[in-house]
Structure formats: structure tokens, C-alpha cells
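Source file: coords-v6.csv; contents: CSV, C-alpha atoms.
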```csv
chain,number,residue,atom,x,y,z
A,1341,MET,CA,91.2,-67.2,-63.6
A,1342,LYS,CA,93.3,-68.7,-66.4
A,1343,PRO,CA,93.3,-72.6,-66.7
A,1344,LEU,CA,97.0,-72.9,-65.9
A,1345,ALA,CA,96.7,-70.7,-62.8
A,1346,PHE,CA,93.7,-72.8,-61.6
A,1347,ILE,CA,95.6,-76.0,-62.0
A,1348,MET,CA,98.4,-74.6,-59.9
A,1349,VAL,CA,95.8,-73.8,-57.2
A,1350,VAL,CA,94.6,-77.4,-57.3
A,1351,ALA,CA,98.1,-78.6,-56.9
A,1352,LEU,CA,98.7,-76.4,-53.9
A,1353,LEU,CA,95.5,-77.6,-52.3
A,1354,ALA,CA,96.4,-81.2,-52.9
A,1355,GLY,CA,99.8,-80.9,-51.2
A,1356,PRO,CA,102.6,-83.5,-51.5
A,1357,PHE,CA,101.8,-87.2,-51.4
A,1358,ALA,CA,103.9,-90.3,-51.9
A,1359,GLY,CA,104.6,-93.8,-50.8
A,1360,PRO,CA,102.4,-94.5,-47.7
A,1361,ALA,CA,99.6,-92.1,-48.9
A,1362,ALA,CA,99.3,-93.9,-52.3
A,1363,ALA,CA,98.5,-97.2,-50.4
A,1364,GLN,CA,95.3,-95.5,-49.0
A,1365,THR,CA,93.6,-95.2,-52.3
A,1366,THR,CA,89.8,-95.4,-52.2
A,1367,TRP,CA,87.4,-95.6,-55.1
A,1368,SER,CA,83.9,-94.4,-55.7
A,1369,ILE,CA,81.6,-94.5,-58.7
A,1370,GLY,CA,78.4,-92.7,-59.4
A,1371,PHE,CA,76.2,-90.5,-61.6
A,1372,LYS,CA,75.5,-86.8,-61.9
A,1373,GLY,CA,73.4,-84.4,-63.9
A,1374,GLY,CA,72.5,-80.8,-64.1
A,1375,VAL,CA,72.3,-77.7,-66.3
A,1376,SER,CA,74.7,-76.4,-68.9
A,1377,LEU,CA,74.8,-72.7,-69.7
A,1378,ALA,CA,76.7,-72.9,-73.0
A,1379,ASP,CA,77.8,-70.1,-75.4
A,1380,PHE,CA,80.3,-69.4,-78.1
A,1381,GLY,CA,83.6,-67.6,-77.9
A,1382,GLY,CA,86.5,-67.0,-80.3
A,1383,ASP,CA,87.8,-64.3,-82.6
A,1384,ASP,CA,84.9,-64.7,-85.1
A,1385,ILE,CA,82.1,-64.4,-82.6
A,1386,ASP,CA,80.4,-61.2,-81.5
A,1387,SER,CA,79.7,-61.8,-77.9
A,1388,ASP,CA,76.8,-59.3,-78.0
A,1389,ALA,CA,75.0,-61.3,-80.8
A,1390,THR,CA,74.7,-64.6,-78.9
A,1391,GLU,CA,73.3,-65.8,-75.6
A,1392,ALA,CA,73.7,-69.0,-73.6
A,1393,ARG,CA,71.9,-72.2,-74.5
A,1394,THR,CA,70.4,-73.6,-71.4
A,1395,ALA,CA,70.4,-77.4,-71.7
A,1396,PHE,CA,71.4,-80.7,-70.0
A,1397,ALA,CA,74.7,-82.1,-69.0
A,1398,GLY,CA,75.2,-85.4,-67.1
A,1399,GLY,CA,76.5,-88.9,-67.0
A,1400,PHE,CA,78.7,-91.1,-64.9
A,1401,PHE,CA,82.0,-90.8,-63.0
A,1402,ALA,CA,84.7,-92.8,-61.3
A,1403,GLN,CA,87.0,-91.3,-58.7
A,1404,ALA,CA,90.2,-92.4,-57.0
A,1405,ASP,CA,91.2,-90.7,-53.8
A,1406,VAL,CA,94.9,-91.4,-53.7
A,1407,ALA,CA,95.6,-89.3,-50.7
A,1408,LYS,CA,93.8,-87.4,-48.0
A,1409,ASN,CA,93.9,-84.2,-50.0
A,1410,PHE,CA,94.2,-85.4,-53.6
A,1411,GLY,CA,92.0,-87.3,-56.0
A,1412,VAL,CA,91.6,-88.1,-59.7
A,1413,ARG,CA,88.1,-88.2,-61.3
A,1414,VAL,CA,87.2,-89.5,-64.8
A,1415,GLU,CA,83.8,-88.7,-66.2
A,1416,GLY,CA,81.7,-89.7,-69.1
A,1417,LEU,CA,79.1,-87.1,-69.9
A,1418,TYR,CA,76.5,-86.2,-72.5
A,1419,HIS,CA,76.8,-82.4,-72.8
A,1420,MET,CA,74.4,-80.2,-74.8
A,1421,ARG,CA,76.2,-77.1,-75.9
A,1422,GLY,CA,75.8,-74.4,-78.6
A,1423,ALA,CA,74.3,-70.9,-78.4
A,1424,VAL,CA,71.2,-68.9,-79.3
A,1425,GLY,CA,70.6,-65.6,-80.9
A,1426,GLU,CA,67.9,-63.4,-82.3
A,1427,THR,CA,67.4,-60.4,-84.6
A,1428,ASP,CA,64.4,-58.2,-85.3
A,1429,ASP,CA,62.8,-60.9,-87.5
A,1430,LEU,CA,64.7,-64.2,-86.8
A,1431,ASP,CA,65.2,-66.4,-83.8
A,1432,GLY,CA,67.9,-68.9,-84.2
A,1433,SER,CA,70.1,-71.4,-82.3
A,1434,ILE,CA,73.0,-73.7,-82.9
A,1435,LYS,CA,72.7,-76.9,-80.9
A,1436,LEU,CA,75.9,-79.0,-80.6
A,1437,ASP,CA,75.8,-82.1,-78.4
A,1438,TYR,CA,78.9,-83.9,-77.3
A,1439,ILE,CA,80.0,-87.1,-75.5
A,1440,GLU,CA,82.7,-85.8,-73.2
A,1441,PHE,CA,85.5,-87.4,-71.1
A,1442,PRO,CA,86.8,-85.0,-68.5
A,1443,ILE,CA,90.0,-86.1,-66.7
A,1444,LEU,CA,90.1,-84.0,-63.5
A,1445,LEU,CA,92.7,-83.5,-60.8
A,1446,LEU,CA,91.1,-82.7,-57.4
A,1447,GLY,CA,92.5,-80.9,-54.4
A,1448,GLN,CA,90.3,-81.7,-51.4
A,1449,VAL,CA,90.0,-80.0,-48.0
A,1450,PRO,CA,87.7,-81.4,-45.2
A,1451,ALA,CA,85.4,-78.7,-43.9
A,1452,THR,CA,83.7,-80.8,-41.3
A,1453,GLU,CA,83.5,-84.5,-40.4
A,1454,THR,CA,81.0,-85.0,-43.2
A,1455,VAL,CA,81.7,-82.2,-45.7
A,1456,THR,CA,84.6,-81.9,-48.0
A,1457,LEU,CA,85.4,-78.9,-50.3
A,1458,SER,CA,87.3,-79.4,-53.5
A,1459,ALA,CA,88.9,-77.5,-56.4
A,1460,PHE,CA,89.5,-79.3,-59.7
A,1461,ALA,CA,90.9,-78.8,-63.1
A,1462,GLY,CA,91.8,-80.9,-66.1
A,1463,PRO,CA,91.4,-81.6,-69.9
A,1464,VAL,CA,88.2,-82.6,-71.6
A,1465,LEU,CA,88.1,-84.8,-74.7
A,1466,ALA,CA,84.9,-84.5,-76.6
A,1467,VAL,CA,83.2,-86.2,-79.6
A,1468,ASN,CA,80.4,-84.4,-81.4
A,1469,ALA,CA,77.2,-86.5,-81.4
A,1470,LYS,CA,74.8,-84.1,-83.0
A,1471,ALA,CA,74.8,-80.7,-84.6
A,1472,ASP,CA,71.7,-78.7,-85.7
A,1473,ALA,CA,70.9,-75.2,-86.8
A,1474,GLU,CA,67.4,-74.1,-86.0
A,1475,GLY,CA,65.6,-70.9,-87.0
A,1476,SER,CA,62.1,-69.4,-86.9
A,1477,SER,CA,60.6,-66.3,-88.4
A,1478,GLY,CA,57.0,-65.2,-89.0
A,1479,GLY,CA,55.5,-68.4,-87.8
A,1480,PHE,CA,57.8,-70.6,-90.0
A,1481,SER,CA,60.6,-72.7,-88.5
A,1482,ALA,CA,63.2,-75.1,-89.9
A,1483,THR,CA,66.0,-77.3,-88.6
A,1484,VAL,CA,69.1,-78.2,-90.6
A,1485,ASP,CA,71.6,-80.9,-89.8
A,1486,ILE,CA,75.1,-79.3,-89.9
A,1487,GLN,CA,77.1,-82.1,-88.4
A,1488,ASP,CA,79.1,-82.5,-91.6
A,1489,TYR,CA,80.4,-78.9,-91.1
A,1490,VAL,CA,81.3,-79.2,-87.4
A,1491,SER,CA,84.5,-80.7,-86.1
A,1492,SER,CA,84.1,-84.3,-84.9
A,1493,PHE,CA,86.5,-83.8,-81.9
A,1494,GLU,CA,87.1,-81.0,-79.4
A,1495,PHE,CA,89.7,-80.4,-76.8
A,1496,ALA,CA,88.8,-78.3,-73.8
A,1497,MET,CA,89.8,-77.4,-70.3
A,1498,ALA,CA,87.5,-77.5,-67.3
A,1499,PHE,CA,88.1,-76.0,-63.9
A,1500,GLY,CA,85.7,-75.5,-60.9
A,1501,LEU,CA,84.7,-76.1,-57.3
A,1502,GLY,CA,82.8,-78.8,-55.6
A,1503,VAL,CA,81.2,-80.0,-52.3
A,1504,VAL,CA,80.9,-83.6,-51.2
A,1505,VAL,CA,78.6,-84.5,-48.3
A,1506,ASP,CA,79.2,-87.9,-46.7
A,1507,ALA,CA,75.7,-89.4,-46.1
A,1508,GLY,CA,76.7,-92.8,-44.7
A,1509,SER,CA,76.7,-95.3,-47.5
A,1510,VAL,CA,76.6,-92.7,-50.3
A,1511,ARG,CA,78.2,-89.3,-51.0
A,1512,ILE,CA,76.1,-86.4,-52.2
A,1513,ILE,CA,78.1,-84.3,-54.8
A,1514,PHE,CA,77.6,-80.8,-56.0
A,1515,ASP,CA,80.0,-79.0,-58.4
A,1516,GLY,CA,80.2,-76.0,-60.7
A,1517,ARG,CA,82.7,-75.6,-63.5
A,1518,TYR,CA,83.7,-73.4,-66.3
A,1519,GLN,CA,84.6,-75.2,-69.5
A,1520,LEU,CA,86.7,-73.5,-72.2
A,1521,GLY,CA,87.1,-75.0,-75.6
A,1522,LEU,CA,90.6,-74.8,-77.0
A,1523,THR,CA,89.8,-75.9,-80.6
A,1524,THR,CA,87.4,-74.4,-83.1
A,1525,VAL,CA,84.1,-76.1,-83.9
A,1526,ASP,CA,84.4,-75.1,-87.6
A,1527,ASP,CA,85.1,-77.9,-90.1
A,1528,GLY,CA,83.5,-76.4,-93.1
A,1529,LEU,CA,81.1,-73.8,-91.6
A,1530,GLY,CA,83.3,-71.0,-92.8
A,1531,GLU,CA,83.3,-72.3,-96.3
A,1532,LEU,CA,79.5,-72.8,-96.1
A,1533,LEU,CA,79.0,-69.2,-95.1
A,1534,GLY,CA,81.4,-67.9,-97.7
A,1535,ALA,CA,84.3,-67.0,-95.3
A,1536,PRO,CA,87.8,-67.0,-96.8
A,1537,ASP,CA,89.3,-68.9,-93.8
A,1538,GLU,CA,88.4,-71.3,-91.1
A,1539,LEU,CA,86.2,-69.6,-88.5
A,1540,ASP,CA,87.5,-69.3,-84.9
A,1541,ILE,CA,84.4,-70.4,-82.9
A,1542,LYS,CA,84.9,-72.2,-79.6
A,1543,ASN,CA,82.5,-73.7,-77.1
A,1544,GLN,CA,82.6,-72.2,-73.6
A,1545,GLY,CA,80.3,-71.9,-70.7
A,1546,TRP,CA,79.2,-72.9,-67.2
A,1547,VAL,CA,78.0,-76.3,-66.0
A,1548,PHE,CA,76.3,-77.0,-62.6
A,1549,MET,CA,75.7,-80.6,-61.6
A,1550,ALA,CA,74.6,-82.7,-58.6
A,1551,GLY,CA,75.0,-86.4,-58.1
A,1552,VAL,CA,75.5,-89.4,-55.9
A,1553,GLY,CA,78.6,-91.4,-55.4
A,1554,PHE,CA,79.0,-95.0,-54.0
A,1555,PRO,CA,82.3,-96.1,-52.4
A,1556,VAL,CA,83.4,-99.4,-54.0
A,1557,GLY,CA,86.6,-100.3,-52.2
A,1558,GLY,CA,89.8,-99.3,-50.5
A,1559,ASP,CA,92.3,-100.5,-47.9
```
Rewrite the coordinates I just gave you, this time as C-alpha cells.
Amino acid sequence: MKPLAFIMVVALLAGPFAGPAAAQTTWSIGFKGGVSLADFGGDDIDSDATEARTAFAGGFFAQADVAKNFGVRVEGLYHMRGAVGETDDLDGSIKLDYIEFPILLLGQVPATETVTLSAFAGPVLAVNAKADAEGSSGGFSATVDIQDYVSSFEFAMAFGLGVVVDAGSVRIIFDGRYQLGLTTVDDGLGELLGAPDELDIKNQGWVFMAGVGFPVGGD
């Protein structure tokens, strides 16, 4: 499903809200963590030549439930991305780590008295924190810092589904999302590799996280 179509689904789930609903805003904060299955996409990537890098994603969040079926969640995550690949005589990987700030709109539907289902979507602003190229061949391995050749900022879209279980004083949270980079990671990589133009290489992949939320207020 395309990002725009998914945002429309979230909006439909949320339903209309105004005036009286806005006064019922409740807040929660918490932390979450899980696994990232990251890969590269883009016009200059051969999808058969790379595989997902399995790594960590996690951090903190704050959520405002502004109506029964609608909420806004802001997250601060450390997200390990990149990709791995191999040939007959070389195993290699590109490891790109980011500090990310997803801003997500949530459509929420109660399934039972204690379980709520959600669909969410929104933009992700990311700052590159680390970039390494690693390779090994014939018992020899090396790591090269390539941060000077990787874009410092990334703009992406995230869209996914979640489950919240009300466990009394806390909320247990599970969510899965697909994150699609909209800007290239190249900021000199093409020149370094001898390419005539900037390379179209974008981060993409799945993220699955679980966490705990703590209600902090409301009317």
C-alpha cells in the first residue's frame, strides 16, 4: 500500500473529532525497542544483490490521545539501518545508524475492554549518527568510516499497525511498520565510486517493536 493511501486509511479509522472530543485529551509516555530488518532501494540498487541488515531499533515516545479514535505519537528512536551483501569471495555490509523522530497520526479502534487496535502513518525526520562499510575476504576483514560520504539528514515515511493492551497502570504496546526513505543516502558515495551522477540509494525496511507506556494525565 502506498504511503498516501495508508494515511487516508488512518484518517478514515480516526473519524471526525472536534470541540468536546479535544477536551478529552490524555497523555502517555514510554519506551520501546525491537528489531529492524533494513535494506536499500532506489534506481541504483540491484535488489538481488543485497539482503536485509538485522539490527536494533528503539527509544522513547510520547502520545496524545485527542479523541476516542484518534491520537498523535512522537517518537525518538535510535535506528540501525543499512544492508548486507556477498559475492563468491567477499562478504560486505553497509551500516547506517540514525537518530530518528517519527511523527505519527493514529487511528484507533477498541477491540475489547482492554485491547485497542491501531493503524498509523506519518513522516520521519532522521539524522545520521554513524556510517561504516565493512568487508571480509579470505580471513581478512576491514571497516571504513564513510560518514563523510553519506547524507547527514533523511526524510522518510512510516506506516504500520499496532496493538495496545491495557494492563492497569501501564499499557503494553506492540507495533510493526514499514519505513520508506524518500531521500537518497548518497552525499559523495557516487563520486567516491566513480559514478557520473549522484546515486539513487534509499533506506527501506520493516521494524517490529514492543514497549511499555505510562499514562501521565488527562481530564
Taking a cut-off of 9 Å and counting all atoms listed in the file, can you build a table that, for each residue of segment 1347-1446 of chain A near segment 1533-1546 of chain A, reports the nearest atom pair and how far apart they are in Å (one decimal), sorted by chain then residue number, as JSON lines?
```
{"residue": "A:Val1375", "atom": "CA", "partner": "A:Trp1546", "partner_atom": "CA", "distance": 8.5}
{"residue": "A:Ser1376", "atom": "CA", "partner": "A:Trp1546", "partner_atom": "CA", "distance": 5.9}
{"residue": "A:Leu1377", "atom": "CA", "partner": "A:Trp1546", "partner_atom": "CA", "distance": 5.1}
{"residue": "A:Ala1378", "atom": "CA", "partner": "A:Gly1545", "partner_atom": "CA", "distance": 4.4}
{"residue": "A:Asp1379", "atom": "CA", "partner": "A:Gln1544", "partner_atom": "CA", "distance": 5.5}
{"residue": "A:Phe1380", "atom": "CA", "partner": "A:Asn1543", "partner_atom": "CA", "distance": 4.9}
{"residue": "A:Gly1381", "atom": "CA", "partner": "A:Lys1542", "partner_atom": "CA", "distance": 5.1}
{"residue": "A:Gly1382", "atom": "CA", "partner": "A:Ile1541", "partner_atom": "CA", "distance": 4.8}
{"residue": "A:Asp1383", "atom": "CA", "partner": "A:Asp1540", "partner_atom": "CA", "distance": 5.5}
{"residue": "A:Asp1384", "atom": "CA", "partner": "A:Asp1540", "partner_atom": "CA", "distance": 5.3}
{"residue": "A:Ile1385", "atom": "CA", "partner": "A:Ile1541", "partner_atom": "CA", "distance": 6.4}
{"residue": "A:Ala1392", "atom": "CA", "partner": "A:Gly1545", "partner_atom": "CA", "distance": 7.8}
{"residue": "A:Arg1421", "atom": "CA", "partner": "A:Asn1543", "partner_atom": "CA", "distance": 7.3}
{"residue": "A:Gly1422", "atom": "CA", "partner": "A:Asn1543", "partner_atom": "CA", "distance": 6.9}
{"residue": "A:Ala1423", "atom": "CA", "partner": "A:Asn1543", "partner_atom": "CA", "distance": 8.8}
```
- request: Rounded to one decimal place, report the atom CA of Gly1516 of chain A-atom CA of Gly1462 of chain A distance in Å.
  value: 13.7 Å
task: Find the residues around Glu1415 of chain A up to 8 Å (all atoms listed in the file counted), leave out those fewer than 6 positions away in its own chain, and share them as number ranges by chain.
output: A: 1399-1402, 1440-1443
Give as an mmCIF file with C-alpha atoms, in the frame of the given file each residue that has an atom at most 7 Å from (85.4, -74.7, -89.9) in the file, counting all atoms listed in the file.
```cif
data_model
loop_
_atom_site.group_PDB
_atom_site.id
_atom_site.type_symbol
_atom_site.label_atom_id
_atom_site.label_comp_id
_atom_site.auth_asym_id
_atom_site.auth_seq_id
_atom_site.Cartn_x
_atom_site.Cartn_y
_atom_site.Cartn_z
ATOM 1 C CA TYR A 1489 80.400 -78.900 -91.100
ATOM 2 C CA VAL A 1490 81.300 -79.200 -87.400
ATOM 3 C CA VAL A 1525 84.100 -76.100 -83.900
ATOM 4 C CA ASP A 1526 84.400 -75.100 -87.600
ATOM 5 C CA ASP A 1527 85.100 -77.900 -90.100
ATOM 6 C CA GLY A 1528 83.500 -76.400 -93.100
ATOM 7 C CA LEU A 1529 81.100 -73.800 -91.600
ATOM 8 C CA GLY A 1530 83.300 -71.000 -92.800
ATOM 9 C CA GLU A 1538 88.400 -71.300 -91.100
ATOM 10 C CA LEU A 1539 86.200 -69.600 -88.500
#
```
field: Point-to-point distance in Å for atom CA of Tyr1518 of chain A and atom CA of Thr1390 of chain A
entry: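 The value is 17.8 Å.
Distances here use all atoms listed in the file; by that measure, the residue among A:Val1464, A:Met1420, A:Leu1436, A:Val1556 closest to Gln1403 of chain A is A:Val1556.
Here atom CA of Phe1548 of chain A is placed at a distance of 27.3 Å from atom CA of Gly1475 of chain A.
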message: Nearest residue to Thr1366 of chain A out of A:Leu1465, A:Glu1531, A:Phe1554, A:Asp1388, using all atoms listed in the file?
response: A:Phe1554
Proximity of segment 1390-1458 of chain A to segment 1494-1512 of chain A: per-residue shortest pair, 10 Å limit, all atoms listed in the file, as JSON lines:
```
{"residue": "A:Tyr1438", "atom": "CA", "partner": "A:Glu1494", "partner_atom": "CA", "distance": 8.9}
{"residue": "A:Glu1440", "atom": "CA", "partner": "A:Glu1494", "partner_atom": "CA", "distance": 9.0}
{"residue": "A:Phe1441", "atom": "CA", "partner": "A:Phe1495", "partner_atom": "CA", "distance": 10.0}
{"residue": "A:Pro1442", "atom": "CA", "partner": "A:Ala1498", "partner_atom": "CA", "distance": 7.6}
{"residue": "A:Ile1443", "atom": "CA", "partner": "A:Ala1498", "partner_atom": "CA", "distance": 9.0}
{"residue": "A:Leu1444", "atom": "CA", "partner": "A:Ala1498", "partner_atom": "CA", "distance": 8.0}
{"residue": "A:Leu1445", "atom": "CA", "partner": "A:Phe1499", "partner_atom": "CA", "distance": 9.3}
{"residue": "A:Leu1446", "atom": "CA", "partner": "A:Leu1501", "partner_atom": "CA", "distance": 9.2}
{"residue": "A:Gly1447", "atom": "CA", "partner": "A:Leu1501", "partner_atom": "CA", "distance": 9.6}
{"residue": "A:Gln1448", "atom": "CA", "partner": "A:Gly1502", "partner_atom": "CA", "distance": 9.1}
{"residue": "A:Val1449", "atom": "CA", "partner": "A:Val1503", "partner_atom": "CA", "distance": 9.8}
{"residue": "A:Pro1450", "atom": "CA", "partner": "A:Val1504", "partner_atom": "CA", "distance": 9.3}
{"residue": "A:Ala1451", "atom": "CA", "partner": "A:Val1503", "partner_atom": "CA", "distance": 9.5}
{"residue": "A:Thr1452", "atom": "CA", "partner": "A:Val1505", "partner_atom": "CA", "distance": 9.4}
{"residue": "A:Glu1453", "atom": "CA", "partner": "A:Asp1506", "partner_atom": "CA", "distance": 8.4}
{"residue": "A:Thr1454", "atom": "CA", "partner": "A:Asp1506", "partner_atom": "CA", "distance": 4.9}
{"residue": "A:Val1455", "atom": "CA", "partner": "A:Val1505", "partner_atom": "CA", "distance": 4.7}
{"residue": "A:Thr1456", "atom": "CA", "partner": "A:Val1504", "partner_atom": "CA", "distance": 5.2}
{"residue": "A:Leu1457", "atom": "CA", "partner": "A:Val1503", "partner_atom": "CA", "distance": 4.8}
{"residue": "A:Ser1458", "atom": "CA", "partner": "A:Gly1502", "partner_atom": "CA", "distance": 5.0}
```
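Closest approach to Asp1437 of chain A among A:Gln1487, A:Ser1476, A:Gln1364, A:Gln1519 is made by A:Gln1487 (distances from all atoms listed in the file).
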message: Please determine, counting only C-alpha atoms, which residue among A:Thr1394, A:Ser1433, A:Thr1523, A:Ser1477 has the shortest atom-to-atom distance to His1419 of chain A.
response: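 Between A:Thr1394, A:Ser1433, A:Thr1523, A:Ser1477, the residue approaching His1419 of chain A most closely is A:Thr1394.
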query: Which is closest to Ser1368 of chain A among A:Ala1471, A:Ile1486, A:Ile1513, A:Leu1520, if we use only C-alpha atoms?
result: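 Counting only C-alpha atoms, the residue closest to Ser1368 of chain A is A:Ile1513.
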field: Among the residues A:Val1424, A:Ala1459, A:Gly1432, A:Ile1439, the one that comes closest to Asn1409 of chain A [using all atoms listed in the file]
entry: A:Ala1459
Assuming the input is short of atoms at segment 1505-1517 of chain A, produce N, CA and C atoms for that part as a CSV table (one decimal), in the frame of the given file.
```csv
chain,number,residue,atom,x,y,z
A,1505,VAL,N,79.2,-84.3,-49.6
A,1505,VAL,CA,78.6,-84.5,-48.3
A,1505,VAL,C,78.5,-86.0,-48.1
A,1506,ASP,N,79.2,-86.5,-47.0
A,1506,ASP,CA,79.2,-87.9,-46.7
A,1506,ASP,C,77.8,-88.2,-46.0
A,1507,ALA,N,77.0,-89.0,-46.6
A,1507,ALA,CA,75.7,-89.4,-46.1
A,1507,ALA,C,75.6,-90.9,-45.7
A,1508,GLY,N,76.7,-91.4,-45.1
A,1508,GLY,CA,76.7,-92.8,-44.7
A,1508,GLY,C,77.2,-93.7,-45.9
A,1509,SER,N,76.3,-94.4,-46.5
A,1509,SER,CA,76.7,-95.3,-47.5
A,1509,SER,C,76.8,-94.7,-48.9
A,1510,VAL,N,76.5,-93.4,-49.0
A,1510,VAL,CA,76.6,-92.7,-50.3
A,1510,VAL,C,77.2,-91.3,-50.0
A,1511,ARG,N,77.7,-90.7,-51.1
A,1511,ARG,CA,78.2,-89.3,-51.0
A,1511,ARG,C,77.4,-88.4,-52.0
A,1512,ILE,N,76.9,-87.3,-51.4
A,1512,ILE,CA,76.1,-86.4,-52.2
A,1512,ILE,C,77.1,-85.3,-52.8
A,1513,ILE,N,77.0,-85.1,-54.1
A,1513,ILE,CA,78.1,-84.3,-54.8
A,1513,ILE,C,77.4,-83.1,-55.4
A,1514,PHE,N,78.0,-82.0,-55.3
A,1514,PHE,CA,77.6,-80.8,-56.0
A,1514,PHE,C,78.9,-80.1,-56.6
A,1515,ASP,N,78.8,-79.7,-57.9
A,1515,ASP,CA,80.0,-79.0,-58.4
A,1515,ASP,C,79.5,-78.0,-59.5
A,1516,GLY,N,80.3,-77.0,-59.6
A,1516,GLY,CA,80.2,-76.0,-60.7
A,1516,GLY,C,81.5,-75.8,-61.4
A,1517,ARG,N,81.5,-75.7,-62.7
A,1517,ARG,CA,82.7,-75.6,-63.5
A,1517,ARG,C,82.5,-74.7,-64.6
```
